[in-house]
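Right, one structure below, let's go through it.
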Amino acid sequence: MNKSYKIDFEPVGLRGKCMPGISLLECARTLGVDLVNLCGGNGTCGQCIVQIIEGSVSCLTKTEENFLSPDQINQGYRLACKTIPLSDLKVSVPPDSLTTPQRTQVESMDLPVVPEPLVKMYDIEMTAPGSNDLCSDSRRLINRLKEQYNINVLSIDLDVLREMPVYLRDNNWKARAVLRENKIIALGCQDSRLAGIAFDIGTTKIAAYLLDLNTGRTLASKGMMNPQIKYGEDIIARLLYAQESQKQALHIREILSNTLNQIIGDLCSYAGLTNNDIFEIVVVCNTAIHHLFLGLPGKSLSLAPYIPVTDSELDIKAEKLGLKTAKGAYVHFLPNIAGYVGADHVAMLTALEILEQKGIVIALDIGTNTEICLLNKGSLTSLSCASGPAFEGAHVKFGMRAGQGAIERLRIENNKVIYKTIGGKPAKGFCGSGILDIFAWLYKAGIMDRTGKLTDNHPLIRKINGINHFVINIKDQDKSQCFEITFSQKDIREVQLAKGAVRTGIQALLKANNLTEKDIDKIFIAGAFGSYIDVKSAKTAGMLPNIPSNRFTQVGNAAGLGSRLALISRSRREQARYIARQVEYLELAVFPDFPEIFAKSMYLDS
C-alpha cells in the first residue's frame, strides 16, 4: 500500500494526508483549501501559485517556467496543478492564490507583536479599615497597588469612586483593579476577562476584531456594511445630510453606534465573553466618518479647502459614544492627517512599518475613497482620490458584493468566457475583482479599444436599448435554464472613472516627487478589494503602473491590522502618532496638470 504524505497549508491552517501521485491542487481540494484555478488544473491560467517551504516535490515544468519569474522560482514558488508531492510538505499559499472567503480568513491571523496593552488587570487583597487605620477607601486601594505591583496611580474614575465602598466591602476587600495607564477605570470581578475591539470603519464596510489584550490573540472577527451608506454612497452627501439639522446629525451618529453595538454583542457571544469584558476600543476611519461619529461640525470638511476640526488622536469614554462595553472603557481614535486622509491611512502605514521600507515605495488602500502614500528617501507624501463604489459592485448593473455566486475571476479565450464564482455557485453577478477582470480581458481580447469603447462586431456583443452590452450566458445549477449576465458600455465608463482616479493619484505623487514609474521599487496594495484583484488585470486596465509583477505585494486589510496593533501595543500606537506627523498631504484637486493626468489615466494603455 502506498504511503500517504502529510501536507500542511499555511497560513490557512489546513493540513492532512494526500495520496502520492496527485498534484498539490488536488491535495488542496481534498483538504478544503480553495485555490483559484480558472483552467480547472490544466496549467493554462497560472493562478494556483504556492510556495514550497519544506519537503520534496516533482521537477519544475516548462509550463511553470512560462508563468513564474526567476525570482519566484528561486524562492520555491510553483504552480499547484503541476507540482506532485514526493514527501511530507509545508506549503505557503499567497493571499492572491486563495478564493475570496479564504482570503478573509487569512486576514484574521494572530498579530506579529508582543502585547503592550494600555489596559491591564491587577488582583489585590487589602486589610479592612479599623480604629487604628482610618485611611480612605481610595487611598487604601492606591497604596496597595503601589506595595504589590509598584504602580503609581494618578487618578480614579468617578464611577469607580461611586461604586467602590460597596464593592470592596461586599468582596471582603479583594478586588481586580482595571487600570488604563495610571488611572483606575473599573473594579472587576475575579473572573473578569480583559478584551478589546478594533474597528476599521470604511465608507462602505466595517471590519471588527475582538482581541484578548493579554495575549494579543484575535478571538473573533466580523464584517458588516456601514449603515450610513443609505444617506449617500459618497462622504460629502453624508456630511451635507448631517448639516441640515441637529436631529439628522444625531441620527447618523446613532445608526452607526447601534451597528457597532450589534457587532460588539455578536463578537462577544461568539467568543464566550460579555460586553462587560470589553475595556478598550480602537477606531480607525477616514476623517469624514470620524467627524460624523463624534458629532463634530462637518461644514468646513465638506467645502474647499476641506479643513477638519481636529487631526489629533482622541481618547473618549465609550459610554459617551453610546457604545455598550465595560464601565470605564475608552475608545481611542488614531490621528487623522487631512480632510480626506484619515486614521485608516495612518493605520495602514503603521501595519506596513512604512518608514522601515527601502527604496521608492507606494502604498495604496483601494476603496470608495482610495488613499495613496509614496515613500521617497524617508519622506512620506499622501493623497486621497474619489475612486467611487464601482469596485464595491455599485453602479454596475450586475455588480454585487463578494458573496456566494459572485464571479471573482474571469478570462476570455477564443470568444469563450471562463469564470470562477465564490463558493462554486451559479453566477449571479460580478464582485470587484471580477469587474476588473472582465474590464481587462475585454481589452486583451480586442472586444474593447483603448478608449473603453466596445466593438459592434463580436458574437458576444449585443445592443440592448441602443447600448452595447457584452453578454455572458449562464446556466442554472441543473442546467435546465439559461439567463444572461451583461457588462454594458455604461458599466465600462463607471470602471474607467474608478481606475482612472487611482492611476491619477499615483501619477500625481510621482510627479510631485520628480519620479517616474520605473523608479518604483515596491507597491503595497491594501484593502478588501485590493486583496482580491488580479494584479495583471489591474495593470492591463491601466489602473496600476506596468512594472514587473514581483514588485507588487497584496497585504489584505492593513488598516484593520493597524487598528489591532494599536489596540494591543503601546509602542505601535506611538508609531502611528509619529507617522501621522511625518506625512505631507497633497490636495489632488488643485495639483498642477490634474485634468491632463486624469484624462490620460482613463485610457487602458495609460
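As shown in the C-alpha cells, the chain order sets the letters A, B, ...; within each chain, residues go from 1, and ligands are also counted from 1 in the order they appear.
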
Surrounding residues of A:Ala271 excluding itself and chain neighbours under 3 positions, 9 Å, only C-alpha atoms, as a list in words: Leu210, Leu219, Ala220, Asp266, Leu267, Cys268 and Thr274 of chain A

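Using only C-alpha atoms, the protein and nucleic acid residues lying no more than 7 Å from A:Val178, apart from those fewer than 5 places from it along its own chain, are Val119, Lys120, Met121, Tyr122, Ile184, Ile185, Ala186, Leu187 and Gly188 of chain A.
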
Within 8 Å of stretch 497-510 of chain A using only C-alpha atoms, minus same-chain residues under 6 positions, as a ChimeraX atom specification: /A:366,370,372-374,381-391,516-517,541-545,588,591,594,597-599,601-603

Expected file contents, prior selection, C-alpha atoms, as a PDB file, in the first residue's frame:
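Heads up, here's the output in selection_15.pdb:
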```
ATOM      1  CA  ILE A 366      -8.324  50.902  -2.695  1.00  0.00           C
ATOM      2  CA  THR A 370      -8.554  55.455  -2.249  1.00  0.00           C
ATOM      3  CA  ILE A 372      -2.191  56.547  -1.560  1.00  0.00           C
ATOM      4  CA  CYS A 373       1.198  57.221   0.044  1.00  0.00           C
ATOM      5  CA  LEU A 374       4.631  57.497  -1.553  1.00  0.00           C
ATOM      6  CA  THR A 381       3.534  62.151   0.735  1.00  0.00           C
ATOM      7  CA  SER A 382      -0.121  61.114   0.778  1.00  0.00           C
ATOM      8  CA  LEU A 383      -3.309  61.997  -1.062  1.00  0.00           C
ATOM      9  CA  SER A 384      -6.872  60.794  -1.485  1.00  0.00           C
ATOM     10  CA  CYS A 385      -8.781  60.173  -4.695  1.00  0.00           C
ATOM     11  CA  ALA A 386     -12.506  59.596  -5.112  1.00  0.00           C
ATOM     12  CA  SER A 387     -12.479  56.210  -6.843  1.00  0.00           C
ATOM     13  CA  GLY A 388     -16.187  55.687  -6.197  1.00  0.00           C
ATOM     14  CA  PRO A 389     -18.119  52.491  -5.397  1.00  0.00           C
ATOM     15  CA  ALA A 390     -17.745  50.659  -8.727  1.00  0.00           C
ATOM     16  CA  PHE A 391     -15.216  48.226  -7.269  1.00  0.00           C
ATOM     17  CA  THR A 516       8.663  58.060 -12.871  1.00  0.00           C
ATOM     18  CA  GLU A 517       7.020  54.648 -12.724  1.00  0.00           C
ATOM     19  CA  ALA A 541      -6.714  48.010 -17.237  1.00  0.00           C
ATOM     20  CA  GLY A 542      -4.252  50.841 -16.675  1.00  0.00           C
ATOM     21  CA  MET A 543      -5.189  51.175 -13.007  1.00  0.00           C
ATOM     22  CA  LEU A 544      -1.710  50.238 -11.788  1.00  0.00           C
ATOM     23  CA  PRO A 545       1.690  51.019 -13.357  1.00  0.00           C
ATOM     24  CA  LEU A 588      -5.183  66.307  -5.705  1.00  0.00           C
ATOM     25  CA  PHE A 591      -2.500  69.700  -8.237  1.00  0.00           C
ATOM     26  CA  PHE A 594      -4.566  67.330 -12.735  1.00  0.00           C
ATOM     27  CA  ILE A 597      -3.255  63.469 -15.869  1.00  0.00           C
ATOM     28  CA  PHE A 598      -6.805  62.288 -15.218  1.00  0.00           C
ATOM     29  CA  ALA A 599      -7.765  62.370 -18.899  1.00  0.00           C
ATOM     30  CA  SER A 601      -5.419  57.834 -16.947  1.00  0.00           C
ATOM     31  CA  MET A 602      -8.816  56.998 -18.425  1.00  0.00           C
ATOM     32  CA  TYR A 603      -7.146  55.147 -21.318  1.00  0.00           C
TER      33      TYR A 603
END
```

DSSP-assigned helix (DSSP H, G or I) among stretch 164-367 of chain A, expressed as a VMD selection string: chain A and resid 164 to 170 227 to 231 235 to 243 246 to 271 275 to 277 287 to 294 299 to 302 318 to 321 343 to 351 354 to 356

Strand (DSSP E) residues, from DSSP on the backbone, in stretch 86-256 of chain A, as a VMD selection string: chain A and resid 89 to 92 119 to 125 155 to 156 174 to 180 183 to 188 195 to 201 205 to 212 218 to 225

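We find atom CA of A:Ser537 and atom CA of A:Gly41 to be spaced 20.2 Å apart.
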
Polymer residues at most 8 Å from stretch 141-152 of chain A, only C-alpha atoms, same-chain spacing of 3 or more positions, as number ranges by chain: A: 124-126, 137-138, 182

Just to be explicit: take each residue in the selection above, keep C-alpha atoms, and write the result as a short mmCIF file (atom, residue, chain, number, x, y, z; two decimals), in the first residue's frame.
```
data_model
loop_
_atom_site.label_atom_id
_atom_site.label_comp_id
_atom_site.auth_asym_id
_atom_site.auth_seq_id
_atom_site.Cartn_x
_atom_site.Cartn_y
_atom_site.Cartn_z
CA ILE A 124 -5.21 42.77 45.03
CA GLU A 125 -6.09 41.98 48.66
CA MET A 126 -6.39 44.71 51.26
CA ASP A 137 -11.01 53.58 50.55
CA SER A 138 -9.34 55.17 47.54
CA ASN A 182 -2.13 55.20 35.63
#
```

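Distance check against A:Asp593 using only C-alpha atoms: of A:Ala528, A:Ala512, A:Ala347, A:Ala80, the minimum falls on A:Ala512.
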
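Minimum atom-to-atom distance to A:Ile156, evaluated using only C-alpha atoms, belongs to A:Gly328 out of A:Gly46, A:Pro94, A:Gly530, A:Gly328.
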
Selection near stretch 53-61 of chain A, 8 Å with only C-alpha atoms, sequence-local residues under 6 positions removed, as a PyMOL selection string: chain A and resi 76+78+82-92

Take the selection from the previous step and output its residues with N, CA and C atoms, as a tab-separated table (two decimals), in the first residue's frame.
```tsv
chain	number	residue	atom	x	y	z
A	76	GLY	N	11.13	29.16	-4.43
A	76	GLY	CA	10.35	27.95	-4.21
A	76	GLY	C	8.90	28.03	-4.64
A	78	ARG	N	5.72	27.54	-7.04
A	78	ARG	CA	5.32	26.56	-8.05
A	78	ARG	C	3.84	26.74	-8.39
A	82	LYS	N	0.72	21.67	-11.30
A	82	LYS	CA	1.81	20.99	-11.99
A	82	LYS	C	2.85	20.41	-11.03
A	83	THR	N	2.55	20.45	-9.74
A	83	THR	CA	3.52	20.02	-8.73
A	83	THR	C	3.02	18.78	-8.00
A	84	ILE	N	3.84	17.72	-7.97
A	84	ILE	CA	3.50	16.47	-7.31
A	84	ILE	C	4.33	16.33	-6.03
A	85	PRO	N	3.69	16.16	-4.87
A	85	PRO	CA	4.46	15.94	-3.63
A	85	PRO	C	5.25	14.64	-3.69
A	86	LEU	N	6.49	14.68	-3.19
A	86	LEU	CA	7.33	13.49	-3.10
A	86	LEU	C	7.69	13.17	-1.65
A	87	SER	N	7.17	14.00	-0.72
A	87	SER	CA	7.40	13.78	0.70
A	87	SER	C	6.36	14.59	1.47
A	88	ASP	N	6.44	14.55	2.79
A	88	ASP	CA	5.62	15.48	3.59
A	88	ASP	C	6.01	16.90	3.20
A	89	LEU	N	5.02	17.82	3.21
A	89	LEU	CA	5.28	19.19	2.75
A	89	LEU	C	4.70	20.23	3.71
A	90	LYS	N	5.40	21.35	3.76
A	90	LYS	CA	4.82	22.57	4.31
A	90	LYS	C	4.72	23.56	3.16
A	91	VAL	N	3.50	24.04	2.91
A	91	VAL	CA	3.23	24.88	1.74
A	91	VAL	C	2.64	26.21	2.19
A	92	SER	N	3.20	27.30	1.69
A	92	SER	CA	2.65	28.64	1.95
A	92	SER	C	1.81	29.07	0.75
```

Contacts of A:Phe487 within 9 Å, only C-alpha atoms, excl. fewer than 4 positions in-chain, as number ranges by chain: A: 396-398, 435, 438-439, 468-472, 491-492

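Computed from the coordinates, the atom CA of A:Asp157 to atom CA of A:Asp277 distance equals 17.4 Å.
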
Counting only C-alpha atoms, which residues of stretch 156-232 of chain A fall within 12 Å of stretch 290-310 of chain A, and what is the closest atom pair for each with its distance in Å at one decimal, ordered by chain and rising number, as CSV?
```
residue,atom,partner,partner_atom,distance
A:Phe199,CA,A:His290,CA,11.9
A:Asp200,CA,A:His290,CA,11.0
A:Ile201,CA,A:His290,CA,8.9
A:Gly202,CA,A:His290,CA,10.1
A:Thr203,CA,A:His290,CA,10.6
A:Asn226,CA,A:Phe293,CA,11.8
A:Gln228,CA,A:Leu292,CA,9.7
```

For the residues selected in the previous step, produce a file with C-alpha atoms as an mmCIF file, in the first residue's frame.
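File written: result.cif
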```cif
data_model
loop_
_atom_site.group_PDB
_atom_site.id
_atom_site.type_symbol
_atom_site.label_atom_id
_atom_site.label_comp_id
_atom_site.auth_asym_id
_atom_site.auth_seq_id
_atom_site.Cartn_x
_atom_site.Cartn_y
_atom_site.Cartn_z
ATOM 1 C CA PHE A 199 -12.812 48.770 14.347
ATOM 2 C CA ASP A 200 -11.906 49.745 10.809
ATOM 3 C CA ILE A 201 -14.908 51.827 9.729
ATOM 4 C CA GLY A 202 -14.876 52.382 5.993
ATOM 5 C CA THR A 203 -17.149 54.463 3.819
ATOM 6 C CA ASN A 226 -21.727 50.809 7.095
ATOM 7 C CA GLN A 228 -24.680 55.390 6.891
#
```
